[in-house]
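Raw entry_19.cif, mmCIF, C-alpha atoms:
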```cif
data_input
#
loop_
_atom_site.label_atom_id
_atom_site.label_comp_id
_atom_site.auth_asym_id
_atom_site.auth_seq_id
_atom_site.Cartn_x
_atom_site.Cartn_y
_atom_site.Cartn_z
CA MET V 987 171.83 -34.97 194.07
CA TRP V 988 170.61 -31.52 192.97
CA SER V 989 169.42 -29.90 189.77
CA TYR V 990 169.17 -26.19 188.97
CA SER V 991 166.00 -24.39 187.89
CA LYS V 992 166.61 -21.20 185.90
CA LYS V 993 164.32 -18.92 187.91
CA LEU V 994 164.33 -17.18 191.28
CA GLU V 995 161.92 -18.59 193.88
CA TYR V 996 160.43 -15.09 194.14
CA PRO V 997 161.23 -12.26 191.68
CA VAL V 998 163.85 -9.55 192.33
CA LYS V 999 163.56 -6.39 190.17
CA ILE V 1000 165.28 -3.37 191.70
CA ALA V 1001 164.97 -0.19 189.60
CA ASN V 1002 167.45 1.97 191.54
CA PRO V 1003 170.94 0.72 192.48
CA ASN V 1004 171.90 1.59 196.06
CA PRO V 1005 175.25 0.25 197.32
CA ALA V 1006 174.58 1.53 200.86
CA LEU V 1007 171.77 -1.04 201.15
CA ALA V 1008 173.98 -3.81 199.73
CA LYS V 1009 176.43 -3.09 202.55
CA VAL V 1010 173.92 -4.29 205.16
CA ILE V 1011 171.96 -6.85 203.12
CA VAL V 1012 175.18 -8.81 202.44
CA SER V 1013 174.86 -10.14 206.00
CA GLN V 1014 171.88 -12.23 204.90
CA LEU V 1015 174.19 -13.90 202.37
CA GLY V 1016 177.22 -14.74 204.50
CA GLY V 1017 176.55 -13.25 207.94
CA PRO V 1018 175.81 -14.97 211.26
CA HIS V 1019 172.09 -15.41 210.38
CA GLY V 1020 172.56 -15.64 206.62
CA GLU V 1021 171.21 -18.01 204.01
CA LEU V 1022 174.54 -19.72 203.25
CA GLY V 1023 174.92 -20.84 206.87
CA ALA V 1024 171.25 -21.81 206.98
CA SER V 1025 171.58 -24.11 203.99
CA MET V 1026 174.84 -25.68 205.20
CA ARG V 1027 173.37 -26.17 208.70
CA TYR V 1028 170.36 -28.21 207.57
CA LEU V 1029 172.09 -30.10 204.78
CA SER V 1030 174.89 -31.10 207.20
CA GLN V 1031 172.57 -32.08 210.05
CA ARG V 1032 170.34 -34.42 208.02
CA TYR V 1033 172.92 -37.25 208.00
CA SER V 1034 172.50 -37.82 211.74
CA MET V 1035 168.70 -37.50 211.73
CA PRO V 1036 167.13 -40.94 212.39
CA TYR V 1037 163.51 -40.13 211.40
CA ASP V 1038 162.29 -40.00 207.81
CA GLU V 1039 159.89 -37.04 208.08
CA VAL V 1040 162.58 -34.92 209.69
CA LYS V 1041 165.21 -36.03 207.11
CA ALA V 1042 162.75 -34.71 204.50
CA ILE V 1043 162.27 -31.42 206.39
CA LEU V 1044 166.05 -30.86 206.69
CA THR V 1045 166.63 -31.76 203.03
CA ASP V 1046 163.80 -29.64 201.67
CA ILE V 1047 164.43 -26.56 203.84
CA GLY V 1048 168.19 -26.84 203.22
CA THR V 1049 167.40 -26.87 199.51
CA GLU V 1050 165.04 -23.89 199.75
CA GLU V 1051 167.77 -21.95 201.59
CA LEU V 1052 169.96 -22.36 198.49
CA ALA V 1053 167.20 -20.63 196.53
CA HIS V 1054 167.22 -17.85 199.15
CA LEU V 1055 171.00 -17.55 198.81
CA GLU V 1056 170.36 -16.91 195.12
CA MET V 1057 167.65 -14.31 195.85
CA VAL V 1058 169.88 -12.38 198.29
CA SER V 1059 172.71 -12.56 195.73
CA ALA V 1060 170.38 -11.18 193.04
CA ILE V 1061 169.39 -8.31 195.37
CA LEU V 1062 173.10 -7.51 196.00
CA HIS V 1063 173.91 -7.73 192.29
CA GLN V 1064 171.09 -5.37 191.31
CA LEU V 1065 171.86 -2.88 194.10
CA THR V 1066 175.51 -2.60 193.00
CA ARG V 1067 175.15 -2.40 189.22
CA ASN V 1068 176.39 0.64 187.23
CA MET V 1069 178.04 2.29 190.26
CA SER V 1070 180.27 5.32 189.71
CA ILE V 1071 183.38 5.77 191.88
CA ASP V 1072 181.69 8.79 193.48
CA GLU V 1073 178.62 6.73 194.42
CA ILE V 1074 180.85 3.98 195.82
CA LYS V 1075 182.69 6.48 198.04
CA LYS V 1076 179.54 8.28 199.13
CA ALA V 1077 177.81 5.02 200.10
CA GLY V 1078 180.82 3.85 202.10
CA TYR V 1079 181.04 0.88 199.72
CA ASP V 1080 184.77 1.48 199.14
CA THR V 1081 185.88 -0.96 201.85
CA TYR V 1082 183.99 -3.80 200.11
CA PHE V 1083 184.85 -2.55 196.62
CA VAL V 1084 188.60 -2.70 197.21
CA ASP V 1085 188.52 -6.52 197.51
CA HIS V 1086 185.39 -7.52 195.60
CA THR V 1087 184.60 -4.71 193.10
CA ALA V 1088 180.89 -5.34 192.31
CA GLY V 1089 181.24 -9.09 192.92
CA VAL V 1090 179.05 -11.06 195.32
CA TYR V 1091 180.95 -12.43 198.34
CA PRO V 1092 179.48 -14.01 201.49
CA GLN V 1093 180.42 -11.93 204.51
CA PHE V 1094 178.94 -10.30 207.61
CA ALA V 1095 177.80 -6.67 207.29
CA SER V 1096 180.77 -5.92 209.56
CA GLY V 1097 183.17 -7.38 206.95
CA THR V 1098 184.04 -10.74 208.57
CA PRO V 1099 184.00 -13.43 205.87
CA PHE V 1100 181.45 -16.25 206.07
CA SER V 1101 182.38 -18.78 208.71
CA ALA V 1102 181.13 -22.30 209.47
CA GLU V 1103 181.30 -21.12 213.09
CA THR V 1104 177.90 -19.51 212.40
CA PHE V 1105 176.21 -22.92 212.52
CA ALA V 1106 176.36 -26.24 214.34
CA SER V 1107 175.94 -29.86 213.39
CA THR V 1108 176.18 -31.65 216.72
CA GLY V 1109 174.99 -35.16 215.88
CA ASP V 1110 172.41 -34.77 218.67
CA VAL V 1111 168.89 -34.46 217.28
CA ILE V 1112 167.46 -32.34 220.12
CA ALA V 1113 170.42 -29.93 220.09
CA ASP V 1114 170.34 -29.67 216.27
CA LEU V 1115 166.60 -28.98 216.02
CA ASN V 1116 166.69 -26.40 218.81
CA GLU V 1117 169.57 -24.71 216.97
CA ASP V 1118 167.42 -24.73 213.81
CA LEU V 1119 164.47 -23.10 215.60
CA ALA V 1120 166.76 -20.38 217.00
CA ALA V 1121 168.42 -19.91 213.60
CA GLU V 1122 165.08 -19.27 211.87
CA GLN V 1123 164.21 -16.67 214.52
CA LYS V 1124 167.62 -15.02 214.17
CA ALA V 1125 167.21 -14.83 210.39
CA ARG V 1126 163.70 -13.42 210.91
CA LEU V 1127 164.97 -10.68 213.22
CA SER V 1128 167.76 -9.75 210.79
CA TYR V 1129 165.15 -9.36 208.03
CA ASP V 1130 163.04 -7.30 210.45
CA ASN V 1131 166.05 -5.05 211.12
CA LEU V 1132 166.73 -4.74 207.37
CA LEU V 1133 163.10 -3.72 206.83
CA ARG V 1134 163.62 -1.00 209.48
CA LEU V 1135 166.58 0.30 207.46
CA ILE V 1136 165.11 0.09 203.94
CA ASP V 1137 162.49 2.36 202.30
CA ASP V 1138 162.69 1.19 198.68
CA ASN V 1139 159.70 -1.09 197.99
CA ASP V 1140 161.59 -2.91 195.21
CA VAL V 1141 164.01 -4.10 197.90
CA ARG V 1142 161.48 -4.51 200.72
CA ASP V 1143 159.24 -6.80 198.66
CA PRO V 1144 161.62 -9.79 198.21
CA ILE V 1145 162.95 -9.25 201.76
CA LYS V 1146 159.41 -9.54 203.13
CA PHE V 1147 159.05 -12.82 201.24
CA LEU V 1148 162.31 -14.12 202.73
CA ARG V 1149 161.18 -13.03 206.21
CA GLU V 1150 157.91 -14.94 205.85
CA ARG V 1151 159.76 -18.09 204.85
CA GLU V 1152 161.74 -17.96 208.13
CA ILE V 1153 158.44 -18.10 209.99
CA VAL V 1154 157.18 -21.08 207.97
CA HIS V 1155 160.49 -22.90 208.45
CA TYR V 1156 160.29 -22.27 212.20
CA GLN V 1157 156.87 -23.89 212.23
CA ARG V 1158 158.10 -26.96 210.29
CA PHE V 1159 161.15 -27.38 212.56
CA GLY V 1160 158.84 -27.14 215.59
CA GLU V 1161 156.80 -30.01 214.16
CA GLY V 1162 160.05 -31.89 213.45
CA LEU V 1163 161.18 -31.49 217.06
CA ARG V 1164 157.80 -32.72 218.30
CA LYS V 1165 158.09 -35.83 216.10
CA VAL V 1166 161.57 -36.49 217.43
CA LEU V 1167 160.44 -36.14 221.06
CA ASP V 1168 157.57 -38.57 220.39
CA HIS V 1169 160.20 -41.23 219.69
CA LEU V 1170 162.01 -40.58 222.97
CA ASP V 1171 161.38 -41.38 226.63
CA SER V 1172 159.12 -38.57 227.89
CA LYS V 1173 160.49 -39.07 231.43
CA ASN V 1174 164.02 -38.30 230.21
CA PHE V 1175 164.45 -37.04 226.64
CA TYR V 1176 168.21 -37.19 227.11
CA ALA V 1177 168.43 -40.81 228.28
CA PHE V 1178 169.87 -41.68 224.89
CA ASN V 1179 170.69 -39.98 221.60
CA PRO V 1180 168.83 -41.91 218.87
CA ALA V 1181 171.45 -40.78 216.32
CA PHE V 1182 174.24 -42.53 218.25
CA ASP V 1183 173.25 -44.72 221.19
CA LYS V 1184 171.71 -48.16 220.77
CA LYS V 1185 168.46 -48.82 222.62
CA MET Y 489 173.25 -55.81 192.47
CA ASN Y 490 169.49 -56.06 192.99
CA ASN Y 491 166.83 -54.88 190.53
CA LYS Y 492 166.28 -51.59 192.33
CA GLU Y 493 169.99 -50.77 192.16
CA LYS Y 494 170.06 -51.75 188.48
CA ALA Y 495 167.09 -49.49 187.73
CA LEU Y 496 168.69 -46.60 189.63
CA ASN Y 497 172.00 -47.07 187.85
CA LEU Y 498 170.22 -46.71 184.51
CA VAL Y 499 168.79 -43.38 185.72
CA ARG Y 500 172.28 -42.36 186.91
CA MET Y 501 173.88 -43.36 183.62
CA TYR Y 502 171.53 -41.34 181.41
CA ASN Y 503 171.51 -38.44 183.88
CA PHE Y 504 175.31 -38.36 183.87
CA ALA Y 505 175.35 -38.42 180.06
CA MET Y 506 173.01 -35.39 180.18
CA ILE Y 507 175.27 -33.62 182.68
CA GLU Y 508 178.33 -34.18 180.49
CA ALA Y 509 176.53 -33.06 177.32
CA ASN Y 510 175.12 -30.03 179.19
CA LEU Y 511 178.63 -28.91 180.25
CA PHE Y 512 180.01 -29.47 176.76
CA LEU Y 513 177.10 -27.53 175.22
CA ASP Y 514 177.66 -24.62 177.63
CA SER Y 515 180.93 -23.93 175.83
CA HIS Y 516 179.84 -25.32 172.41
CA PRO Y 517 176.18 -24.17 172.15
CA LYS Y 518 175.97 -24.72 168.37
CA ASP Y 519 177.41 -28.24 168.23
CA GLN Y 520 174.67 -30.16 166.37
CA GLN Y 521 175.97 -33.58 167.32
CA ALA Y 522 175.98 -32.66 171.04
CA LEU Y 523 172.51 -31.09 170.78
CA GLU Y 524 171.17 -34.30 169.27
CA TYR Y 525 173.03 -36.43 171.86
CA PHE Y 526 171.54 -34.43 174.74
CA GLN Y 527 167.99 -34.94 173.44
CA ARG Y 528 168.59 -38.66 172.92
CA MET Y 529 169.93 -39.07 176.50
CA LYS Y 530 167.04 -36.98 177.85
CA LYS Y 531 164.49 -39.39 176.30
CA MET Y 532 166.33 -42.42 177.70
CA HIS Y 533 166.54 -40.69 181.08
CA GLU Y 534 162.81 -39.98 181.14
CA LYS Y 535 162.07 -43.60 180.40
CA ALA Y 536 164.49 -44.83 183.07
CA VAL Y 537 163.00 -42.42 185.65
CA ARG Y 538 159.47 -43.57 184.80
CA GLU Y 539 160.44 -47.24 185.20
CA TYR Y 540 162.26 -46.58 188.48
CA THR Y 541 159.62 -44.39 190.10
CA GLU Y 542 156.71 -46.71 189.19
CA LYS Y 543 158.36 -49.54 191.12
CA TYR Y 544 160.47 -47.90 193.82
CA GLY Y 545 159.08 -44.43 194.56
CA PRO Y 546 159.89 -40.82 193.70
CA LEU Y 547 163.33 -39.36 192.93
CA THR Y 548 162.00 -35.80 193.14
CA ALA Y 549 158.92 -34.46 194.92
CA SER Y 550 157.33 -33.91 191.48
CA ASP Y 551 157.56 -37.69 190.82
CA VAL Y 552 155.26 -38.50 193.74
CA ASP Y 553 152.44 -40.76 192.54
CA ALA Y 554 149.30 -38.63 192.06
CA SER Y 555 147.03 -41.42 193.31
CA ALA Y 556 148.99 -42.06 196.54
CA LYS Y 557 147.14 -41.29 199.77
CA THR Y 558 150.33 -40.47 201.62
CA TRP Y 559 153.30 -38.17 200.87
CA GLU Y 560 155.74 -40.86 199.65
CA TRP Y 561 158.56 -38.30 199.47
CA VAL Y 562 159.45 -38.78 203.15
CA LYS Y 563 159.79 -42.56 202.89
CA GLY Y 564 163.32 -43.91 203.44
CA PRO Y 565 165.89 -45.12 202.85
CA TRP Y 566 167.43 -41.75 201.95
CA PRO Y 567 170.32 -41.71 199.45
CA TRP Y 568 173.12 -41.35 202.02
CA GLU Y 569 172.05 -44.45 203.92
CA VAL Y 570 173.88 -47.75 203.53
CA ASP Y 571 170.66 -49.63 202.74
CA ALA Y 572 169.58 -47.12 200.03
#
```

Spell out the structure here as C-alpha cells.
Amino acid sequence: MWSYSKKLEYPVKIANPNPALAKVIVSQLGGPHGELGASMRYLSQRYSMPYDEVKAILTDIGTEELAHLEMVSAILHQLTRNMSIDEIKKAGYDTYFVDHTAGVYPQFASGTPFSAETFASTGDVIADLNEDLAAEQKARLSYDNLLRLIDDNDVRDPIKFLREREIVHYQRFGEGLRKVLDHLDSKNFYAFNPAFDKK
Amino acid sequence: MNNKEKALNLVRMYNFAMIEANLFLDSHPKDQQALEYFQRMKKMHEKAVREYTEKYGPLTASDVDASAKTWEWVKGPWPWEVDA
C-alpha cells in the first residue's frame, strides 16, 4: 500500500502565472508521454514481472512517477492562478477553461483526455521493459520540447529536474532488461515467457 | 495463520486505525478524543512495525536494516504474491 508525504519531490514556485504555458505542459500530466500513463504503466506491469530486483524497479519508479504527476499538477495550478477572462482569451486557454475552469485535468495538449491506450501491460517481460525504455525517452523528448517553448526560469527549473529523472529511469530500466535477459536462453530470448510459460 | 502473517496483521490493524482516525480528523480537526486516539494507535503501530521488520524484513525502504550488507528491499515475496 501507499502513504502520502506532504511535500513535492522537487520544489515548484512560479512567480508569474501564464496559462499559455499550462496549455502545453498539461500533456506531461495526461498526454501520450505523461506522468499519469508512466505511473500506471509500471505499477500495472509489475504483477507479471518474475524477478525481484525488477519488481522493485517497477514499484519504485511507478511510485516516483506519482510524485512527478503531483509536480506537473503543481506547475499547472500555479500557471493558471488569478487569471482574468481577458488573459484566458488572449492565451487561448478558453477551450480548456470552458470545461475545467482553473482545475487540473489529465489530457493531451491537443485536448484528447488521458487514455490507457497511451501505455501497455503485455504480460511479456521483454515487451514490457522495451516499452518502458521507449516511454522514458518519449517523456524526455517531450520535456526537451517544452524547454524549447519556455523562457521562464521558474518553470524551466522543475521541468529540467523532471527531464533528468527520465534519463535516470531509462538507465534503471536498461539494467532491469539486462537482468531479465540473464535469466533467459541467450540463443533464443523468446523461447519462453518467464511470466507465463513453465520451463 | 503463521507468525509472520500474525505480525503483519497487527501492523495492518494499527495502520488501519490510523487511517480511519486520520480521515475523521480531516473533517473534525479539533476532536480531542480522536487526536488522542490517533497518537495511541501511532505508538502501537510503531511497535508492531518494529517487531515485524526485525524478524521479516522492511515494509518501506526506510525500514531497511542499517547493518545489512545487501539492499533487502528487493527481496520477495512481494505483497501481491500468493506466498506473501

Could you state which residues are captured by the PyMOL selection byres ((chain V) within 6 of (chain Y)) in this file, as a ChimeraX atom specification? /V:1038-1039,1042

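When CA of Leu1115 (chain V) is paired with CA of Asn1179 (chain V), their separation reads 13.0 Å.
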
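Here the question is which of V:Lys1041, V:Arg1126, V:Lys1009, V:Arg1134 gets nearest to Gly1097 (chain V) using only C-alpha atoms, and that residue is V:Lys1009.
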
Could you tell me, as a PDB file with C-alpha atoms, in the coordinates of the input, exactly which residues end up selected when the PyMOL selection byres ((chain Y and resi 498) around 12) is applied to this structure?
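Writing done, so here's selection-v8.pdb:
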```
ATOM      1  CA  ASN Y 491     166.830 -54.880 190.530  1.00  0.00           C
ATOM      2  CA  LYS Y 492     166.280 -51.590 192.330  1.00  0.00           C
ATOM      3  CA  GLU Y 493     169.990 -50.770 192.160  1.00  0.00           C
ATOM      4  CA  LYS Y 494     170.060 -51.750 188.480  1.00  0.00           C
ATOM      5  CA  ALA Y 495     167.090 -49.490 187.730  1.00  0.00           C
ATOM      6  CA  LEU Y 496     168.690 -46.600 189.630  1.00  0.00           C
ATOM      7  CA  ASN Y 497     172.000 -47.070 187.850  1.00  0.00           C
ATOM      8  CA  VAL Y 499     168.790 -43.380 185.720  1.00  0.00           C
ATOM      9  CA  ARG Y 500     172.280 -42.360 186.910  1.00  0.00           C
ATOM     10  CA  MET Y 501     173.880 -43.360 183.620  1.00  0.00           C
ATOM     11  CA  TYR Y 502     171.530 -41.340 181.410  1.00  0.00           C
ATOM     12  CA  ASN Y 503     171.510 -38.440 183.880  1.00  0.00           C
ATOM     13  CA  PHE Y 504     175.310 -38.360 183.870  1.00  0.00           C
ATOM     14  CA  ALA Y 505     175.350 -38.420 180.060  1.00  0.00           C
ATOM     15  CA  MET Y 529     169.930 -39.070 176.500  1.00  0.00           C
ATOM     16  CA  MET Y 532     166.330 -42.420 177.700  1.00  0.00           C
ATOM     17  CA  HIS Y 533     166.540 -40.690 181.080  1.00  0.00           C
ATOM     18  CA  GLU Y 534     162.810 -39.980 181.140  1.00  0.00           C
ATOM     19  CA  LYS Y 535     162.070 -43.600 180.400  1.00  0.00           C
ATOM     20  CA  ALA Y 536     164.490 -44.830 183.070  1.00  0.00           C
ATOM     21  CA  VAL Y 537     163.000 -42.420 185.650  1.00  0.00           C
ATOM     22  CA  ARG Y 538     159.470 -43.570 184.800  1.00  0.00           C
ATOM     23  CA  GLU Y 539     160.440 -47.240 185.200  1.00  0.00           C
ATOM     24  CA  TYR Y 540     162.260 -46.580 188.480  1.00  0.00           C
TER      25      TYR Y 540
END
```

When you look at region 1050-1057 of chain V with a cut-off of 8 Å (counting all atoms listed in the file), what residues show up, excluding the ones that are within fewer than 4 positions of it in the same chain? I need them as a ChimeraX atom specification. /V:994-998,1015,1021-1022,1024-1025,1046,1061,1144,1148

Report, in Å with one decimal, the straight-line distance from CA of Lys1146 (chain V) to CA of Thr1098 (chain V). 25.3 Å

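Put simply, CA of Lys1184 (chain V) is 15.8 Å away from CA of Val1166 (chain V).
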
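The nearest approach to Pro1003 (chain V) among the residues V:Asp1118, V:Asp1110, V:Glu1073, V:Asp1137, with all atoms listed in the file taken into account, belongs to V:Glu1073.
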
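The shortest atom-to-atom distance to Tyr1129 (chain V), with all atoms listed in the file taken into account, belongs to V:His1019 out of V:Lys1165, V:His1019, V:Lys1173, V:Lys999.
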
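Ranking V:Arg1149, V:Gln1014, V:Leu1163, V:Met1035 by their shortest atom-to-atom distance to Tyr1091 (chain V), with all atoms listed in the file included, puts V:Gln1014 first.
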
(176.0, -9.8, 200.6) in this file's frame - what residues fall within 9 Å of it? Use all atoms listed in the file and give the answer as a ChimeraX atom specification. /V:1008-1017,1058-1059,1061-1063,1090-1095

Mind listing whatever residues come within 12 Å of the point (170.5, -33.8, 176.0)? Use all atoms listed in the file, file coordinates, and give them as a short mmCIF file (atom, residue, chain, number, x, y, z; two decimals) with C-alpha atoms, in the frame of the given file.
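Written output follows (part12.cif):
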```
data_model
loop_
_atom_site.label_atom_id
_atom_site.label_comp_id
_atom_site.auth_asym_id
_atom_site.auth_seq_id
_atom_site.Cartn_x
_atom_site.Cartn_y
_atom_site.Cartn_z
CA TYR Y 502 171.53 -41.34 181.41
CA ASN Y 503 171.51 -38.44 183.88
CA PHE Y 504 175.31 -38.36 183.87
CA ALA Y 505 175.35 -38.42 180.06
CA MET Y 506 173.01 -35.39 180.18
CA ILE Y 507 175.27 -33.62 182.68
CA GLU Y 508 178.33 -34.18 180.49
CA ALA Y 509 176.53 -33.06 177.32
CA ASN Y 510 175.12 -30.03 179.19
CA LEU Y 511 178.63 -28.91 180.25
CA PHE Y 512 180.01 -29.47 176.76
CA LEU Y 513 177.10 -27.53 175.22
CA ASP Y 514 177.66 -24.62 177.63
CA PRO Y 517 176.18 -24.17 172.15
CA ASP Y 519 177.41 -28.24 168.23
CA GLN Y 520 174.67 -30.16 166.37
CA GLN Y 521 175.97 -33.58 167.32
CA ALA Y 522 175.98 -32.66 171.04
CA LEU Y 523 172.51 -31.09 170.78
CA GLU Y 524 171.17 -34.30 169.27
CA TYR Y 525 173.03 -36.43 171.86
CA PHE Y 526 171.54 -34.43 174.74
CA GLN Y 527 167.99 -34.94 173.44
CA ARG Y 528 168.59 -38.66 172.92
CA MET Y 529 169.93 -39.07 176.50
CA LYS Y 530 167.04 -36.98 177.85
CA LYS Y 531 164.49 -39.39 176.30
CA MET Y 532 166.33 -42.42 177.70
CA HIS Y 533 166.54 -40.69 181.08
CA GLU Y 534 162.81 -39.98 181.14
#
```
